[in-house]
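What follows is a single structure, written as structure tokens, with notes after it.
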Amino acid sequence: MTIEKVNDAFRRNFGTGGNLYASPGRVNLIGEHTDYNLGFVLPGAIRQAIYARIKPNGGTLCRIYSVDYDENVEFDVAASELPVQQWARYVYGVVHEVRKLGKSVAGFDCAFGGDVPLGAGLSSSAAFESVIGYGLNDLFGLGLSRLQLAKAGQMTEHNYIGVRCGIMDQFASLFGEKDRLIRLDCRSLEYRLEPFRPEGYRVLLLDTQVKHSLASSQYNVRREQCEAGVTIIRRHVPEVESLRDVTPEMLETYRGKMEDAVYRRCHYIVGENGRLLKACEALERGDYETFGRQMFGSHEGLSREYEVSCAELDFLAGEAAKHSGVLGARMMGGGFGGCTINLVREAEYENLVGELSEKYAARFGKAPRVIDVVIGDGARRVE
Ligand code: GLA
């Protein structure tokens, strides 16, 4: 459906030819806001993706059509002015970041669209950056690695969108594999693909359909607060470079020297790295009960200490905790809206969805959007 729309749009706007590429959104089972603190994350790519048909046009213009916005934008590959349209800045950013790596990108035509819900915390923007980077790399034979493409996507967010995000989303979109979670160490960038086909269990996303405008400004504030904590500890323990190097004991020792908010942010991050490691051990044993408990702990910390949740997310996570069919539930992604991710007993899935939807609707006036999760492959050429 989406693929046909993208292909049709390309044909209408630019004629025949081109290659079709896809790069997916992601879920993250546990390890939130830990990526830019050089800790651990456990994401997986999902089936929903952004698709782009791209073709070199022999000139120097990037001509792009967005199916979802029904809008055309064009700019020169060497243009120094950002496009007005927010969506086009992602393409502009990726082109510029790739050029910074000394690679020459020539003009191209591109139509894109996708089925990753926007603003739901599923990283549609990382999927977009990744599909553009992956496609240009393939079409122009640039020879960039997936890691270089992930970093180019991340730098697009930093330099052209204004969000100082970590590497998780782009990494998951580029490195994801079917039925596997990525246990990524964001300090060394080493990763392991952990088999994830929990028999008898399912992963359920409940989208609050709340999109808080706070998300990007508060995101950068959290990052600064974590850096402030590191700066204070480093004065006393010079080898500390990030919160990854901070132990719970160290944090308590220097607690008195920090603002309370800074302490609580740091306390959450240090705890979250611990929870992730416990969750990964549990996963290896097939112990989903323990895994789920770490997810609940993660939500608690995100809500009370990191303060990136909202009433709707707290409600869904809280109600999930009362249901016998749920092993774990937490808000997912940057926060202030978007989805909760739930690890659910297969046999109670339908009942749970019905019950939570009803309760949520009674409280907030509309049902959450239900998104069934299948862990799929990362960036690829489609045909
Ligand atoms: C957003 C960012 C990621 C990560 C998450 C929170 O999705 O893009 O880098 O920090 O928030 O875990």
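Convention: chains lettered A, B, ... in structure tokens order; per-chain residue numbering from 1; ligands numbered from 1 as shown.
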Name the residues, by chain letter and number, that sit within 7 Å of ligand 1 using only C-alpha atoms and all ligand atoms, and give them as a compact mmCIF listing (two decimals) with N, CA, C and O atoms, in the first residue's frame.
# COMPACT_ATOMS: atom_id res chain seq x y z
N GLY A 31 16.18 0.65 28.53
CA GLY A 31 17.40 1.46 28.35
C GLY A 31 17.00 2.76 27.68
O GLY A 31 17.28 3.00 26.52
N GLU A 32 16.33 3.63 28.46
CA GLU A 32 15.82 4.87 27.86
C GLU A 32 16.63 6.07 28.35
O GLU A 32 16.93 6.16 29.54
N HIS A 33 16.96 6.94 27.42
CA HIS A 33 17.78 8.14 27.68
C HIS A 33 19.19 7.75 28.13
O HIS A 33 19.92 8.57 28.68
N THR A 34 19.54 6.51 27.93
CA THR A 34 20.88 6.05 28.30
C THR A 34 21.86 6.22 27.14
O THR A 34 23.06 6.24 27.36
N ASP A 35 21.35 6.34 25.90
CA ASP A 35 22.28 6.32 24.76
C ASP A 35 23.25 7.51 24.77
O ASP A 35 24.45 7.34 24.64
N TYR A 36 22.71 8.72 25.02
CA TYR A 36 23.62 9.88 25.02
C TYR A 36 24.42 9.98 26.32
O TYR A 36 25.28 10.84 26.45
N GLY A 121 6.83 8.21 19.00
CA GLY A 121 8.03 7.71 19.68
C GLY A 121 8.60 6.47 19.01
O GLY A 121 9.33 5.70 19.61
N SER A 123 10.38 6.71 16.21
CA SER A 123 11.55 7.17 15.45
C SER A 123 11.33 7.24 13.96
O SER A 123 12.17 6.78 13.17
N CYS A 165 20.22 14.30 20.11
CA CYS A 165 19.85 12.91 20.39
C CYS A 165 21.07 12.00 20.47
O CYS A 165 22.16 12.36 20.05
N GLY A 166 20.84 10.81 20.99
CA GLY A 166 21.87 9.77 20.99
C GLY A 166 21.84 9.00 19.68
O GLY A 166 21.19 9.41 18.71
N ILE A 167 22.51 7.84 19.68
CA ILE A 167 22.68 7.08 18.44
C ILE A 167 21.65 5.95 18.29
O ILE A 167 21.52 5.34 17.23
N MET A 168 20.86 5.69 19.35
CA MET A 168 20.01 4.50 19.35
C MET A 168 19.09 4.36 18.13
O MET A 168 19.04 3.29 17.50
N ASP A 169 18.35 5.40 17.81
CA ASP A 169 17.29 5.27 16.81
C ASP A 169 17.86 4.96 15.42
O ASP A 169 17.38 4.07 14.72
N GLY A 333 10.80 5.72 24.40
CA GLY A 333 11.32 6.83 23.60
C GLY A 333 11.58 8.07 24.44
O GLY A 333 11.74 7.99 25.66
N GLY A 334 11.61 9.21 23.79
CA GLY A 334 11.98 10.47 24.44
C GLY A 334 11.01 10.88 25.53
O GLY A 334 11.40 11.48 26.53
Segment 241-301 of chain A: residues DSSP assigns to alpha helix (DSSP H), reported as an NGL selection string: :A and (248-254 or 260-285 or 288-301)
Selected residue of minimal separation from Glu224 of chain A among A:Glu355, A:Glu272, A:Ala320, A:Asn37, counting only C-alpha atoms: A:Asn37
Separation of atom CA of Lys178 of chain A from atom CA of Arg381 of chain A, in Å and rounded to one decimal: 15.4 Å
Near-Arg183 of chain A list (6 Å; only C-alpha atoms; drop same-chain fewer than 4 positions) as a short mmCIF file (atom, residue, chain, number, x, y, z; two decimals) with all heavy atoms, in the first residue's frame:
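Okay, around.cif is ready:
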data_model
loop_
_atom_site.label_atom_id
_atom_site.label_comp_id
_atom_site.auth_asym_id
_atom_site.auth_seq_id
_atom_site.Cartn_x
_atom_site.Cartn_y
_atom_site.Cartn_z
N VAL A 41 21.43 0.21 25.49
CA VAL A 41 20.04 0.24 25.01
C VAL A 41 19.70 -1.12 24.41
O VAL A 41 20.59 -1.91 24.10
CB VAL A 41 19.82 1.35 23.94
CG1 VAL A 41 19.91 2.73 24.58
CG2 VAL A 41 20.81 1.23 22.78
N LEU A 42 18.41 -1.40 24.28
CA LEU A 42 17.97 -2.70 23.75
C LEU A 42 16.82 -2.52 22.73
O LEU A 42 15.71 -2.97 22.95
CB LEU A 42 17.53 -3.59 24.91
CG LEU A 42 17.30 -5.08 24.60
CD1 LEU A 42 18.58 -5.76 24.14
CD2 LEU A 42 16.73 -5.79 25.83
N TYR A 191 27.98 -4.21 19.61
CA TYR A 191 26.60 -4.64 19.79
C TYR A 191 26.48 -6.15 19.61
O TYR A 191 27.33 -6.79 18.99
CB TYR A 191 25.67 -3.92 18.82
CG TYR A 191 25.87 -4.30 17.37
CD1 TYR A 191 25.01 -5.22 16.75
CD2 TYR A 191 26.92 -3.77 16.63
CE1 TYR A 191 25.20 -5.57 15.42
CE2 TYR A 191 27.10 -4.12 15.31
CZ TYR A 191 26.24 -5.02 14.71
OH TYR A 191 26.43 -5.38 13.41
N ARG A 192 25.41 -6.69 20.21
CA ARG A 192 25.08 -8.10 20.06
C ARG A 192 23.65 -8.21 19.61
O ARG A 192 22.79 -7.46 20.08
CB ARG A 192 25.21 -8.79 21.42
CG ARG A 192 26.49 -9.51 21.56
CD ARG A 192 26.57 -10.55 22.66
NE ARG A 192 25.59 -10.56 23.69
CZ ARG A 192 25.88 -10.51 24.99
NH1 ARG A 192 27.13 -10.40 25.38
NH2 ARG A 192 24.93 -10.57 25.90
#
At a cut-off of 7 Å, using only C-alpha atoms, what residues contact segment 133-146 of chain A? Leave out same-chain residues fewer than 4 positions from it and give the result as an mmCIF file with N, CA and C atoms, in the first residue's frame.
data_model
loop_
_atom_site.group_PDB
_atom_site.id
_atom_site.type_symbol
_atom_site.label_atom_id
_atom_site.label_comp_id
_atom_site.auth_asym_id
_atom_site.auth_seq_id
_atom_site.Cartn_x
_atom_site.Cartn_y
_atom_site.Cartn_z
ATOM 1 N N TYR A 21 14.036 2.016 -1.582
ATOM 2 C CA TYR A 21 14.716 1.667 -0.333
ATOM 3 C C TYR A 21 13.736 1.768 0.832
ATOM 4 N N ILE A 54 14.504 6.586 -5.155
ATOM 5 C CA ILE A 54 15.499 7.631 -5.433
ATOM 6 C C ILE A 54 16.209 7.324 -6.756
ATOM 7 N N VAL A 94 21.084 15.199 5.865
ATOM 8 C CA VAL A 94 21.816 13.974 5.521
ATOM 9 C C VAL A 94 22.777 14.259 4.354
ATOM 10 N N LYS A 103 32.338 12.844 0.752
ATOM 11 C CA LYS A 103 31.693 12.056 -0.311
ATOM 12 C C LYS A 103 30.897 12.992 -1.201
ATOM 13 N N VAL A 105 27.866 13.827 -3.358
ATOM 14 C CA VAL A 105 26.494 13.474 -3.693
ATOM 15 C C VAL A 105 26.069 14.414 -4.818
ATOM 16 N N GLU A 129 15.933 9.653 7.994
ATOM 17 C CA GLU A 129 17.360 9.945 7.780
ATOM 18 C C GLU A 129 18.074 8.705 7.244
ATOM 19 N N ALA A 150 24.537 5.875 10.317
ATOM 20 C CA ALA A 150 23.801 6.141 11.564
ATOM 21 C C ALA A 150 24.276 7.457 12.179
ATOM 22 N N LEU A 174 19.216 1.096 11.055
ATOM 23 C CA LEU A 174 20.198 0.596 10.080
ATOM 24 C C LEU A 174 20.669 -0.828 10.362
ATOM 25 N N ALA A 379 17.606 -1.202 7.428
ATOM 26 C CA ALA A 379 17.643 -0.531 6.118
ATOM 27 C C ALA A 379 18.020 -1.487 4.993
#
6 Å contact set for Tyr51 of chain A, only C-alpha atoms, chain neighbours under 4 positions out, as a list of chain:residue names: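 Those residues are A:Tyr21, A:Ala22, A:Phe112, A:Gly113, A:Gly114.
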Option closest in space to Ser242 of chain A, from A:Met295, A:Ala228, A:Ala172, A:Leu38 [counting only C-alpha atoms]: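 When distances to Ser242 of chain A are compared using only C-alpha atoms, the smallest one comes from A:Leu38.
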Contacts of Cys226 of chain A within 7 Å, only C-alpha atoms, excl. fewer than 2 positions in-chain, as a ChimeraX atom specification: /A:222-224,228-230,262,265-266
Closest of A:Val210, A:Ala367, A:Ala261, A:Ile269 to Pro248 of chain A - atom-to-atom distances counting only C-alpha atoms: A:Ile269
DSSP strand (DSSP E) residues within segment 143-350 of chain A, listed as number ranges by chain: A: 180-185, 191-195, 201-211, 326-331, 337-345
Please produce a file of those selected residues containing C-alpha atoms, as a PDB file, in the first residue's frame.
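Dumped everything to again.pdb:
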ATOM      1  CA  ARG A 180      16.461  -9.934  17.105  1.00  0.00           C
ATOM      2  CA  LEU A 181      17.005  -7.143  19.583  1.00  0.00           C
ATOM      3  CA  ILE A 182      20.173  -5.095  19.474  1.00  0.00           C
ATOM      4  CA  ARG A 183      22.038  -4.904  22.761  1.00  0.00           C
ATOM      5  CA  LEU A 184      24.118  -1.852  22.027  1.00  0.00           C
ATOM      6  CA  ASP A 185      26.864  -0.448  24.185  1.00  0.00           C
ATOM      7  CA  TYR A 191      26.595  -4.645  19.793  1.00  0.00           C
ATOM      8  CA  ARG A 192      25.083  -8.105  20.056  1.00  0.00           C
ATOM      9  CA  LEU A 193      21.988  -9.319  18.271  1.00  0.00           C
ATOM     10  CA  GLU A 194      19.900 -11.097  20.900  1.00  0.00           C
ATOM     11  CA  PRO A 195      17.333 -13.616  19.617  1.00  0.00           C
ATOM     12  CA  TYR A 201       4.261 -13.557  24.830  1.00  0.00           C
ATOM     13  CA  ARG A 202       3.689 -10.546  22.650  1.00  0.00           C
ATOM     14  CA  VAL A 203       4.899  -6.989  22.513  1.00  0.00           C
ATOM     15  CA  LEU A 204       2.137  -4.422  22.438  1.00  0.00           C
ATOM     16  CA  LEU A 205       2.390  -0.693  21.892  1.00  0.00           C
ATOM     17  CA  LEU A 206      -0.345   1.575  23.131  1.00  0.00           C
ATOM     18  CA  ASP A 207      -0.112   5.015  21.591  1.00  0.00           C
ATOM     19  CA  THR A 208      -1.510   7.750  23.850  1.00  0.00           C
ATOM     20  CA  GLN A 209      -1.820   9.909  20.716  1.00  0.00           C
ATOM     21  CA  VAL A 210      -0.438  12.732  22.812  1.00  0.00           C
ATOM     22  CA  LYS A 211       2.296  14.780  21.168  1.00  0.00           C
ATOM     23  CA  VAL A 326       1.179  -7.914  31.629  1.00  0.00           C
ATOM     24  CA  LEU A 327       4.750  -8.832  32.573  1.00  0.00           C
ATOM     25  CA  GLY A 328       6.147  -5.353  32.081  1.00  0.00           C
ATOM     26  CA  ALA A 329       5.143  -1.937  30.789  1.00  0.00           C
ATOM     27  CA  ARG A 330       6.857   1.395  30.384  1.00  0.00           C
ATOM     28  CA  MET A 331       6.809   4.576  28.398  1.00  0.00           C
ATOM     29  CA  GLY A 337       3.695  11.486  24.866  1.00  0.00           C
ATOM     30  CA  GLY A 338       3.891   8.653  22.368  1.00  0.00           C
ATOM     31  CA  CYS A 339       3.563   5.003  23.335  1.00  0.00           C
ATOM     32  CA  THR A 340       3.878   2.610  26.203  1.00  0.00           C
ATOM     33  CA  ILE A 341       5.565  -0.685  25.374  1.00  0.00           C
ATOM     34  CA  ASN A 342       4.059  -3.733  27.061  1.00  0.00           C
ATOM     35  CA  LEU A 343       5.259  -7.301  27.351  1.00  0.00           C
ATOM     36  CA  VAL A 344       2.057  -9.295  27.421  1.00  0.00           C
ATOM     37  CA  ARG A 345       0.916 -12.916  27.814  1.00  0.00           C
TER      38      ARG A 345
END
Between atom CA of Glu227 of chain A and atom CA of Tyr254 of chain A - distance in Å to one decimal: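 About the pair atom CA of Tyr254 of chain A and atom CA of Glu227 of chain A: they are 14.3 Å apart.
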